[in-house]
file work.txt (compact mmCIF, C-alpha atoms)
# COMPACT_ATOMS: atom_id res chain seq x y z
CA MET F 67 5.00 14.04 54.09
CA THR F 68 5.40 17.80 54.36
CA ASN F 69 8.81 19.30 54.51
CA PRO F 70 9.41 22.89 55.65
CA GLU F 71 12.59 23.07 53.53
CA LYS F 72 10.48 22.95 50.37
CA LYS F 73 9.46 26.55 50.78
CA HIS F 74 12.99 27.86 50.89
CA LEU F 75 14.33 26.45 47.64
CA ASP F 76 15.31 28.71 44.78
CA PRO F 77 12.48 28.13 42.27
CA GLU F 78 14.69 27.59 39.23
CA ARG F 79 17.00 25.23 41.03
CA ALA F 80 14.02 23.41 42.48
CA GLN F 81 12.56 22.97 38.98
CA ALA F 82 15.88 21.61 37.69
CA ARG F 83 16.00 19.14 40.59
CA ARG F 84 12.38 18.09 39.98
CA ASP F 85 13.19 17.49 36.31
CA GLN F 86 16.23 15.47 37.35
CA VAL F 87 14.00 13.23 39.48
CA LEU F 88 11.35 12.93 36.75
CA ASN F 89 13.91 11.92 34.14
CA ALA F 90 15.30 9.28 36.49
CA ALA F 91 11.80 8.08 37.35
CA ALA F 92 10.92 7.80 33.65
CA ILE F 93 13.88 5.45 33.16
CA CYS F 94 12.99 3.39 36.23
CA PHE F 95 9.28 3.11 35.37
CA ALA F 96 10.15 2.08 31.81
CA ARG F 97 12.52 -0.58 33.16
CA SER F 98 10.61 -1.95 36.14
CA GLY F 99 7.08 -0.63 35.86
CA PHE F 100 5.42 1.67 38.36
CA HIS F 101 5.10 -1.13 40.93
CA GLY F 102 8.59 -2.47 40.46
CA ALA F 103 10.38 0.88 40.65
CA SER F 104 11.17 1.83 44.24
CA MET F 105 11.98 5.30 45.52
CA ALA F 106 15.43 3.86 46.33
CA GLU F 107 15.92 2.87 42.67
CA ILE F 108 14.69 6.27 41.49
CA SER F 109 16.98 8.14 43.89
CA LYS F 110 19.94 6.06 42.76
CA ALA F 111 19.14 6.76 39.07
CA ALA F 112 18.76 10.48 39.87
CA GLY F 113 22.04 10.53 41.77
CA MET F 114 20.28 12.03 44.81
CA SER F 115 19.66 10.66 48.27
CA PRO F 116 16.11 9.45 48.97
CA GLY F 117 15.84 12.13 51.66
CA HIS F 118 16.75 14.78 49.12
CA ILE F 119 14.11 13.53 46.68
CA TYR F 120 11.46 13.90 49.36
CA ASN F 121 12.16 17.64 49.25
CA TYR F 122 10.55 17.64 45.83
CA PHE F 123 8.12 14.72 45.77
CA ASP F 124 6.12 13.09 48.53
CA GLY F 125 6.50 9.68 46.91
CA LYS F 126 5.80 7.75 43.75
CA ASP F 127 2.21 8.99 43.52
CA SER F 128 3.33 12.60 43.43
CA ILE F 129 5.92 11.75 40.75
CA ILE F 130 3.10 10.24 38.71
CA ALA F 131 1.03 13.39 39.30
CA ALA F 132 3.89 15.48 37.91
CA PHE F 133 4.07 13.33 34.77
CA VAL F 134 0.33 13.64 34.27
CA GLU F 135 0.54 17.40 34.73
CA ARG F 136 3.38 17.66 32.22
CA ASP F 137 1.26 15.83 29.69
CA VAL F 138 -1.80 18.02 30.27
CA GLU F 139 0.33 21.11 29.77
CA ARG F 140 1.87 19.76 26.57
CA ILE F 141 -1.58 19.03 25.14
CA ALA F 142 -3.12 22.30 26.38
CA GLU F 143 -0.34 24.29 24.76
CA LYS F 144 -0.95 22.63 21.39
CA LEU F 145 -4.71 23.03 21.62
CA LEU F 146 -4.54 26.66 22.69
CA ARG F 147 -2.22 27.42 19.79
CA MET F 148 -4.64 25.81 17.34
CA GLY F 149 -7.60 27.60 18.91
CA GLN F 150 -5.98 30.96 18.23
CA GLN F 151 -5.72 30.38 14.48
CA GLU F 152 -8.06 32.16 12.10
CA ASP F 153 -9.33 28.88 10.69
CA VAL F 154 -9.46 26.42 13.57
CA VAL F 155 -10.68 23.48 11.45
CA GLN F 156 -7.71 23.95 9.14
CA ALA F 157 -5.33 24.37 12.09
CA MET F 158 -6.55 21.08 13.57
CA LEU F 159 -6.27 19.27 10.25
CA ASP F 160 -2.79 20.74 9.75
CA ASN F 161 -1.85 19.40 13.16
CA VAL F 162 -2.66 15.78 12.29
CA GLU F 163 0.79 15.07 10.92
CA SER F 164 2.68 16.36 13.95
CA GLY F 165 0.10 14.95 16.38
CA VAL F 166 0.32 11.44 14.88
CA THR F 167 4.12 11.65 14.68
CA GLU F 168 4.32 12.68 18.32
CA ASN F 169 1.86 10.03 19.48
CA LEU F 170 3.81 7.30 17.69
CA ASP F 171 6.91 8.18 19.69
CA PRO F 172 7.50 5.85 22.68
CA LYS F 173 9.01 8.82 24.53
CA ILE F 174 5.51 10.34 24.47
CA TRP F 175 3.40 7.26 25.23
CA SER F 176 5.42 4.87 27.37
CA ILE F 177 4.99 6.67 30.71
CA PRO F 178 1.31 7.51 30.07
CA LEU F 179 0.70 3.85 29.17
CA GLU F 180 2.33 2.73 32.40
CA ILE F 181 0.24 5.28 34.32
CA SER F 182 -2.95 4.10 32.63
CA ALA F 183 -2.24 0.49 33.56
CA GLU F 184 -1.63 1.58 37.14
CA ALA F 185 -4.82 3.69 37.12
CA ALA F 186 -6.83 0.59 36.23
CA ARG F 187 -6.08 -0.78 39.72
CA ASN F 188 -5.32 2.35 41.75
CA PRO F 189 -8.28 4.70 42.27
CA LYS F 190 -6.02 7.58 43.38
CA ILE F 191 -4.08 7.46 40.10
CA ALA F 192 -7.34 6.99 38.18
CA ALA F 193 -8.71 10.17 39.80
CA LEU F 194 -5.57 12.07 38.75
CA LEU F 195 -5.91 10.89 35.15
CA GLN F 196 -9.61 11.65 35.08
CA ASP F 197 -9.08 15.17 36.34
CA ALA F 198 -6.34 15.74 33.76
CA ASP F 199 -8.53 14.32 31.04
CA ARG F 200 -11.39 16.64 32.02
CA ARG F 201 -9.13 19.63 31.48
CA SER F 202 -7.81 18.37 28.14
CA ARG F 203 -11.35 17.65 26.96
CA GLN F 204 -12.34 21.18 27.88
CA HIS F 205 -9.57 22.67 25.70
CA LEU F 206 -10.46 20.43 22.78
CA ARG F 207 -14.14 21.18 23.21
CA GLU F 208 -13.52 24.95 23.07
CA ASN F 209 -11.58 24.50 19.84
CA LEU F 210 -14.36 22.41 18.40
CA VAL F 211 -16.99 25.02 19.26
CA LYS F 212 -14.85 27.75 17.69
CA ALA F 213 -14.09 25.64 14.62
CA ARG F 214 -17.74 24.86 14.03
CA LEU F 215 -18.96 28.41 14.67
CA GLN F 216 -16.43 29.61 12.09
CA ARG F 217 -18.25 27.28 9.67
CA GLY F 218 -21.61 28.58 10.91
CA ILE F 219 -22.52 25.34 12.66
CA GLN F 220 -24.29 25.27 16.02
CA THR F 221 -23.77 21.99 17.86
CA SER F 222 -25.60 20.41 20.76
CA ASP F 223 -23.65 19.63 23.92
CA ALA F 224 -24.12 15.88 23.54
CA GLU F 225 -22.87 15.98 19.98
CA LEU F 226 -19.82 17.99 20.99
CA ASP F 227 -19.10 15.48 23.75
CA GLY F 228 -19.20 12.55 21.36
CA ARG F 229 -16.94 14.26 18.85
CA VAL F 230 -14.43 15.20 21.54
CA GLU F 231 -14.35 11.60 22.81
CA ALA F 232 -13.85 10.15 19.34
CA ILE F 233 -11.06 12.60 18.46
CA ILE F 234 -9.19 11.76 21.65
CA ALA F 235 -9.80 8.04 21.14
CA LEU F 236 -8.30 8.24 17.66
CA PHE F 237 -5.16 10.06 18.78
CA GLU F 238 -4.63 8.01 21.92
CA GLY F 239 -5.22 4.86 19.91
CA VAL F 240 -2.40 5.88 17.58
CA SER F 241 0.06 5.45 20.45
CA LEU F 242 -1.00 1.85 20.92
CA ARG F 243 -0.51 1.27 17.20
CA SER F 244 3.13 2.17 17.60
CA LEU F 245 3.52 -0.53 20.26
CA LYS F 246 1.66 -3.23 18.34
CA HIS F 247 2.85 -2.38 14.84
CA PRO F 248 6.11 -0.50 15.21
CA ASP F 249 6.92 -0.50 11.48
CA LEU F 250 3.52 0.80 10.34
CA ASP F 251 3.39 3.17 7.38
CA LYS F 252 3.14 6.56 9.06
CA LYS F 253 2.25 8.45 5.92
CA SER F 254 -0.82 6.31 5.20
CA LEU F 255 -1.90 6.46 8.82
CA ILE F 256 -1.72 10.26 8.73
CA ALA F 257 -3.82 10.32 5.56
CA ALA F 258 -6.40 8.02 7.16
CA CYS F 259 -6.51 10.11 10.34
CA HIS F 260 -7.27 13.13 8.15
CA LEU F 261 -10.19 11.22 6.62
CA ALA F 262 -11.53 10.28 10.05
CA LEU F 263 -10.99 13.66 11.66
CA LYS F 264 -12.64 15.80 9.02
CA PRO F 265 -16.26 14.72 9.64
CA LEU F 266 -15.64 14.90 13.40
CA LEU F 267 -14.61 18.53 13.02
CA PHE F 268 -17.13 19.95 10.66
CA ASP F 269 -19.40 17.63 8.72
CA GLU F 270 -23.01 17.53 9.76
CA MET Q 251 9.43 -26.44 31.33
CA THR Q 252 7.98 -29.42 29.46
CA ASN Q 253 5.82 -31.89 31.22
CA PRO Q 254 5.00 -35.32 29.80
CA GLU Q 255 1.70 -35.40 31.73
CA LYS Q 256 0.35 -32.62 29.50
CA LYS Q 257 -0.18 -35.03 26.66
CA HIS Q 258 -2.38 -37.35 28.63
CA LEU Q 259 -5.01 -34.91 29.84
CA ASP Q 260 -8.59 -35.16 28.68
CA PRO Q 261 -8.92 -32.16 26.32
CA GLU Q 262 -12.17 -30.83 27.74
CA ARG Q 263 -11.01 -31.12 31.31
CA ALA Q 264 -7.70 -29.55 30.36
CA GLN Q 265 -9.53 -26.60 28.78
CA ALA Q 266 -11.64 -26.15 31.91
CA ARG Q 267 -8.51 -26.17 34.05
CA ARG Q 268 -6.79 -23.69 31.75
CA ASP Q 269 -9.80 -21.38 31.99
CA GLN Q 270 -9.72 -21.74 35.77
CA VAL Q 271 -6.10 -20.57 35.78
CA LEU Q 272 -6.79 -17.71 33.34
CA ASN Q 273 -9.70 -16.43 35.42
CA ALA Q 274 -7.55 -16.51 38.54
CA ALA Q 275 -4.68 -14.81 36.71
CA ALA Q 276 -7.02 -12.08 35.45
CA ILE Q 277 -7.97 -11.28 39.04
CA CYS Q 278 -4.34 -11.29 40.20
CA PHE Q 279 -3.07 -9.16 37.30
CA ALA Q 280 -5.86 -6.65 37.89
CA ARG Q 281 -4.97 -6.49 41.57
CA SER Q 282 -1.18 -6.56 41.50
CA GLY Q 283 -0.17 -5.96 37.91
CA PHE Q 284 1.73 -8.42 35.76
CA HIS Q 285 4.97 -7.85 37.69
CA GLY Q 286 3.37 -7.97 41.10
CA ALA Q 287 1.34 -11.14 40.56
CA SER Q 288 3.39 -14.26 41.33
CA MET Q 289 2.65 -17.79 40.15
CA ALA Q 290 2.12 -18.58 43.86
CA GLU Q 291 -0.60 -15.89 44.10
CA ILE Q 292 -2.20 -17.14 40.87
CA SER Q 293 -2.19 -20.75 42.01
CA LYS Q 294 -3.75 -19.72 45.33
CA ALA Q 295 -6.49 -17.74 43.55
CA ALA Q 296 -7.11 -20.69 41.21
CA GLY Q 297 -7.28 -23.12 44.10
CA MET Q 298 -4.62 -25.30 42.47
CA SER Q 299 -1.09 -26.16 43.49
CA PRO Q 300 1.69 -24.35 41.59
CA GLY Q 301 2.90 -27.75 40.34
CA HIS Q 302 -0.56 -28.45 38.97
CA ILE Q 303 -0.67 -25.09 37.15
CA TYR Q 304 2.59 -25.94 35.40
CA ASN Q 305 0.72 -28.79 33.72
CA TYR Q 306 -1.15 -26.13 31.75
CA PHE Q 307 1.14 -23.11 31.59
CA ASP Q 308 4.92 -22.83 31.55
CA GLY Q 309 4.78 -19.59 33.55
CA LYS Q 310 3.39 -16.07 33.52
CA ASP Q 311 4.52 -15.44 29.94
CA SER Q 312 2.50 -18.36 28.66
CA ILE Q 313 -0.53 -17.17 30.64
CA ILE Q 314 -0.15 -13.80 28.92
CA ALA Q 315 0.13 -15.58 25.58
CA ALA Q 316 -3.18 -17.33 26.28
CA PHE Q 317 -4.89 -14.00 27.06
CA VAL Q 318 -3.54 -12.50 23.85
CA GLU Q 319 -4.72 -15.51 21.87
CA ARG Q 320 -8.19 -15.30 23.42
CA ASP Q 321 -8.43 -11.68 22.35
CA VAL Q 322 -7.30 -12.39 18.79
CA GLU Q 323 -9.93 -15.12 18.52
CA ARG Q 324 -12.66 -12.85 19.87
CA ILE Q 325 -11.79 -10.14 17.33
CA ALA Q 326 -11.32 -12.61 14.45
CA GLU Q 327 -14.73 -14.12 15.10
CA LYS Q 328 -16.42 -10.71 14.93
CA LEU Q 329 -14.53 -9.68 11.80
CA LEU Q 330 -15.17 -12.96 9.99
CA ARG Q 331 -18.87 -12.68 10.78
CA MET Q 332 -18.98 -9.13 9.36
CA GLY Q 333 -16.98 -10.20 6.31
CA GLN Q 334 -19.60 -12.80 5.44
CA GLN Q 335 -22.42 -10.26 5.23
CA GLU Q 336 -23.80 -9.20 1.88
CA ASP Q 337 -23.00 -5.55 2.54
CA VAL Q 338 -19.75 -5.47 4.49
CA VAL Q 339 -19.66 -1.66 4.84
CA GLN Q 340 -23.11 -1.77 6.42
CA ALA Q 341 -22.15 -4.72 8.63
CA MET Q 342 -19.14 -2.82 9.92
CA LEU Q 343 -21.16 0.33 10.54
CA ASP Q 344 -23.84 -1.74 12.27
CA ASN Q 345 -21.13 -3.19 14.50
CA VAL Q 346 -20.00 0.21 15.84
CA GLU Q 347 -22.51 0.18 18.67
CA SER Q 348 -21.59 -3.25 19.99
CA GLY Q 349 -17.88 -2.69 19.30
CA VAL Q 350 -17.81 0.57 21.25
CA THR Q 351 -19.93 -0.91 24.05
CA GLU Q 352 -17.58 -3.87 24.32
CA ASN Q 353 -14.43 -1.75 24.23
CA LEU Q 354 -15.75 0.51 26.99
CA ASP Q 355 -16.06 -2.51 29.30
CA PRO Q 356 -13.14 -2.87 31.74
CA LYS Q 357 -13.58 -6.64 31.52
CA ILE Q 358 -12.49 -6.33 27.90
CA TRP Q 359 -9.66 -3.81 28.23
CA SER Q 360 -8.06 -4.16 31.64
CA ILE Q 361 -5.94 -7.24 30.92
CA PRO Q 362 -4.94 -6.05 27.42
CA LEU Q 363 -3.93 -2.69 28.94
CA GLU Q 364 -1.79 -4.46 31.52
CA ILE Q 365 -0.24 -6.60 28.78
CA SER Q 366 0.46 -3.52 26.63
CA ALA Q 367 2.22 -1.79 29.52
CA GLU Q 368 4.29 -4.92 30.08
CA ALA Q 369 5.05 -5.17 26.34
CA ALA Q 370 6.54 -1.69 26.44
CA ARG Q 371 9.40 -3.08 28.55
CA ASN Q 372 9.41 -6.78 27.69
CA PRO Q 373 10.40 -7.63 24.09
CA LYS Q 374 9.03 -11.18 24.36
CA ILE Q 375 5.56 -9.90 25.27
CA ALA Q 376 5.87 -7.17 22.63
CA ALA Q 377 6.57 -9.85 20.00
CA LEU Q 378 3.48 -11.78 21.11
CA LEU Q 379 1.30 -8.67 20.81
CA GLN Q 380 2.77 -7.74 17.47
CA ASP Q 381 2.13 -11.19 16.04
CA ALA Q 382 -1.46 -11.12 17.34
CA ASP Q 383 -1.95 -7.64 15.90
CA ARG Q 384 -0.65 -8.76 12.51
CA ARG Q 385 -3.35 -11.43 12.39
CA SER Q 386 -6.12 -9.06 13.48
CA ARG Q 387 -5.00 -6.48 10.91
CA GLN Q 388 -5.16 -9.15 8.23
CA HIS Q 389 -8.79 -9.97 9.05
CA LEU Q 390 -9.76 -6.31 9.10
CA ARG Q 391 -7.90 -5.70 5.88
CA GLU Q 392 -9.76 -8.51 4.12
CA ASN Q 393 -13.07 -7.02 5.24
CA LEU Q 394 -12.01 -3.61 4.01
CA VAL Q 395 -11.03 -4.95 0.59
CA LYS Q 396 -14.37 -6.78 0.32
CA ALA Q 397 -16.33 -3.76 1.54
CA ARG Q 398 -14.69 -1.45 -0.96
CA LEU Q 399 -14.94 -3.88 -3.89
CA GLN Q 400 -18.67 -4.16 -3.15
CA ARG Q 401 -18.76 -0.38 -3.68
CA GLY Q 402 -16.64 -0.74 -6.82
CA ILE Q 403 -13.58 0.86 -5.26
CA GLN Q 404 -10.06 -0.41 -5.89
CA THR Q 405 -7.62 0.62 -3.18
CA SER Q 406 -3.84 0.72 -3.08
CA ASP Q 407 -2.03 -1.35 -0.45
CA ALA Q 408 -0.67 1.70 1.33
CA GLU Q 409 -4.09 3.28 1.52
CA LEU Q 410 -5.59 0.07 2.92
CA ASP Q 411 -2.82 -0.07 5.51
CA GLY Q 412 -3.52 3.45 6.70
CA ARG Q 413 -7.25 2.87 6.95
CA VAL Q 414 -6.75 -0.36 8.88
CA GLU Q 415 -4.42 1.40 11.32
CA ALA Q 416 -6.81 4.30 11.88
CA ILE Q 417 -9.82 2.01 12.43
CA ILE Q 418 -7.93 -0.03 15.02
CA ALA Q 419 -6.61 3.16 16.65
CA LEU Q 420 -10.13 4.51 17.00
CA PHE Q 421 -11.51 1.34 18.59
CA GLU Q 422 -8.54 0.72 20.85
CA GLY Q 423 -8.59 4.37 21.87
CA VAL Q 424 -12.21 3.95 22.98
CA SER Q 425 -11.04 1.61 25.73
CA LEU Q 426 -8.74 4.28 27.14
CA ARG Q 427 -11.66 6.70 27.12
CA SER Q 428 -13.50 4.44 29.51
CA LEU Q 429 -10.58 4.62 31.95
CA LYS Q 430 -10.12 8.37 31.72
CA HIS Q 431 -13.75 9.40 31.41
CA PRO Q 432 -15.82 6.59 32.93
CA ASP Q 433 -19.11 8.49 32.78
CA LEU Q 434 -18.84 9.56 29.16
CA ASP Q 435 -21.98 9.70 27.04
CA LYS Q 436 -21.84 6.41 25.17
CA LYS Q 437 -24.59 7.27 22.72
CA SER Q 438 -22.79 10.39 21.46
CA LEU Q 439 -19.50 8.55 21.26
CA ILE Q 440 -21.13 5.86 19.12
CA ALA Q 441 -22.59 8.52 16.81
CA ALA Q 442 -19.17 10.18 16.49
CA CYS Q 443 -17.44 6.85 15.81
CA HIS Q 444 -19.93 6.32 12.97
CA LEU Q 445 -18.94 9.69 11.52
CA ALA Q 446 -15.24 8.83 11.73
CA LEU Q 447 -15.56 5.26 10.47
CA LYS Q 448 -17.64 5.96 7.37
CA PRO Q 449 -14.94 7.75 5.34
CA LEU Q 450 -12.38 5.15 6.47
CA LEU Q 451 -14.56 2.42 5.04
CA PHE Q 452 -15.71 3.78 1.76
CA ASP Q 453 -15.21 7.44 0.96
CA GLU Q 454 -12.53 8.28 -1.53

call {"tool": "encode", "arguments": {"input": "work.txt", "output": "structure tokens"}}
result
Amino acid sequence: MTNPEKKHLDPERAQARRDQVLNAAAICFARSGFHGASMAEISKAAGMSPGHIYNYFDGKDSIIAAFVERDVERIAEKLLRMGQQEDVVQAMLDNVESGVTENLDPKIWSIPLEISAEAARNPKIAALLQDADRRSRQHLRENLVKARLQRGIQTSDAELDGRVEAIIALFEGVSLRSLKHPDLDKKSLIAACHLALKPLLFDE
Amino acid sequence: MTNPEKKHLDPERAQARRDQVLNAAAICFARSGFHGASMAEISKAAGMSPGHIYNYFDGKDSIIAAFVERDVERIAEKLLRMGQQEDVVQAMLDNVESGVTENLDPKIWSIPLEISAEAARNPKIAALLQDADRRSRQHLRENLVKARLQRGIQTSDAELDGRVEAIIALFEGVSLRSLKHPDLDKKSLIAACHLALKPLLFDE
């Protein structure tokens, strides 16, 4: 659905309205799942008419796309910051604590988990996730190349790929740990993630 | 719902019928999600009447419980087998290839992913998953203790906990990689998982 009104909205106000819808959608998806949550439910939770919401989002799929985009930006920002440090290996190791802490937080993982489950049966959502993932991988890969060059290590493309995959697997897996073992010992997990990450970053 | 007929079923035939329902449910959950799939849809896919299905399962929650139990048994079997080897560290490293290959297979992760998403909003399902996870952790922990004692290493409880969490995170994270990057290079991922697992198993 295209809507000519979209073009005429004040950008800041439009962003605030979009955020209002996303926050409402997050609550509805958490409560009813992606399938169960209707645009009617989301508009009610947002305190906006369904017609009004369609000024900002074409439907549930485009709300999902906005969540995915938000997540890519959050990750890109962190990775770019680390990549700018003098010692990228150290910056990435220093980030383990905050990365694990963040990934254990249901506020961070519950919507992505819902989106992943939906992606497993919805090729359009899967394509969105896969495109987002490609961009996040690229950022992580650039950091890894920098980190290893700073240690004087040249790395083959295949090897870089494998390391990138394993690093993401570890951090994404942490989120599932929080669901399946909510009272896990965070401090020990952080220490163990350090152990696992180190050889992925710079051991031969 | 309790049903006196349950007690009188031939165990082998009952197991075959239960499997028939689980296979049908797997198809329905994959297609419609846990919320979307009704007992009516499942009974249709299984070619059984809803009343007949209730001889084997009290409802969708008990179907989920059976899936979770199946997964725990699959993991326990693998871990017990590794724990019986002479060199448990080596057995666990040797298992990386088959473990990663298995976890990349949608047949292995799609139902658990659906269940995890449901658990995030359904405390009863969350409790099921958490109990299953506790048992899997225990098996892995026993292997880790054995593996490290074979290398002459005593380990504190907290340290064991952290290592167990990180190992599970890595392997569970691999499944998400298959969703987000279906054409990843499996060989490089396996090599990287080796790198990450080694210090979790036996480095200081």

call {"tool": "interface_residues", "arguments": {"input": "work.txt", "of": "chain Q", "to": "chain F", "cutoff": "7 Å", "atoms": "only C-alpha atoms", "output": "ChimeraX atom specification"}}
result
/Q:280-281,360,363-364,367,370-371,379-380,383,408-409,411-413,415-416,419-420,422-424,427,429-431,435,438-439,441-443,445-447,449-450

call {"tool": "atom_distance", "arguments": {"input": "work.txt", "atom1": "atom CA of Gln81 of chain F", "atom2": "atom CA of Ser164 of chain F"}}
result
27.7 Å

call {"tool": "closest_residue", "arguments": {"input": "work.txt", "among": "F:Gly117, F:Gly165, F:Gly149, F:Pro189", "to": "Val211 of chain F", "atoms": "all atoms listed in the file"}}
result
F:Gly149

call {"tool": "axis_aligned_box", "arguments": {"input": "work.txt", "around": "segment 395-406 of chain Q", "padding_each_side": "8 Å", "output": "JSON"}}
result
{"center_x": -11.3, "center_y": -3.0, "center_z": -2.6, "size_x": 30.9, "size_y": 23.6, "size_z": 24.4}

call {"tool": "closest_residue", "arguments": {"input": "work.txt", "among": "F:Ala92, F:Leu206, F:Val166, F:Ala82", "to": "Val154 of chain F", "atoms": "all atoms listed in the file"}}
result
F:Leu206

call {"tool": "closest_residue", "arguments": {"input": "work.txt", "among": "Q:Ile313, Q:Val346, Q:Met289, Q:Ile375", "to": "Met332 of chain Q", "atoms": "all atoms listed in the file"}}
result
Q:Val346

call {"tool": "atom_distance", "arguments": {"input": "work.txt", "atom1": "atom CA of Lys328 of chain Q", "atom2": "atom CA of Leu354 of chain Q"}}
result
16.5 Å

call {"tool": "atom_distance", "arguments": {"input": "work.txt", "atom1": "atom CA of Glu78 of chain F", "atom2": "atom CA of Ser104 of chain F"}}
result
26.5 Å

call {"tool": "residues_around", "arguments": {"input": "work.txt", "residues": "Ala275 of chain Q", "least_positions_apart": "3", "cutoff": "9 Å", "atoms": "all atoms listed in the file", "output": "PDB file with C-alpha atoms, in the coordinates of the input"}}
result
ATOM      1  CA  GLN Q 270      -9.720 -21.740  35.770  1.00  0.00           C
ATOM      2  CA  VAL Q 271      -6.100 -20.570  35.780  1.00  0.00           C
ATOM      3  CA  LEU Q 272      -6.790 -17.710  33.340  1.00  0.00           C
ATOM      4  CA  CYS Q 278      -4.340 -11.290  40.200  1.00  0.00           C
ATOM      5  CA  PHE Q 279      -3.070  -9.160  37.300  1.00  0.00           C
ATOM      6  CA  ALA Q 280      -5.860  -6.650  37.890  1.00  0.00           C
ATOM      7  CA  ALA Q 287       1.340 -11.140  40.560  1.00  0.00           C
ATOM      8  CA  MET Q 289       2.650 -17.790  40.150  1.00  0.00           C
ATOM      9  CA  GLU Q 291      -0.600 -15.890  44.100  1.00  0.00           C
ATOM     10  CA  ILE Q 292      -2.200 -17.140  40.870  1.00  0.00           C
ATOM     11  CA  SER Q 293      -2.190 -20.750  42.010  1.00  0.00           C
ATOM     12  CA  ALA Q 295      -6.490 -17.740  43.550  1.00  0.00           C
ATOM     13  CA  ALA Q 296      -7.110 -20.690  41.210  1.00  0.00           C
ATOM     14  CA  LYS Q 310       3.390 -16.070  33.520  1.00  0.00           C
ATOM     15  CA  ILE Q 313      -0.530 -17.170  30.640  1.00  0.00           C
TER      16      ILE Q 313
END

call {"tool": "residues_around", "arguments": {"input": "work.txt", "residues": "Asn209 of chain F", "least_positions_apart": "4", "cutoff": "9 Å", "atoms": "only C-alpha atoms", "output": "list in words"}}
result
Leu145, Leu146, Met148, Gly149, Gln150, Val154, Val155, Met158, Gln204, His205, Ala213 and Arg214 of chain F
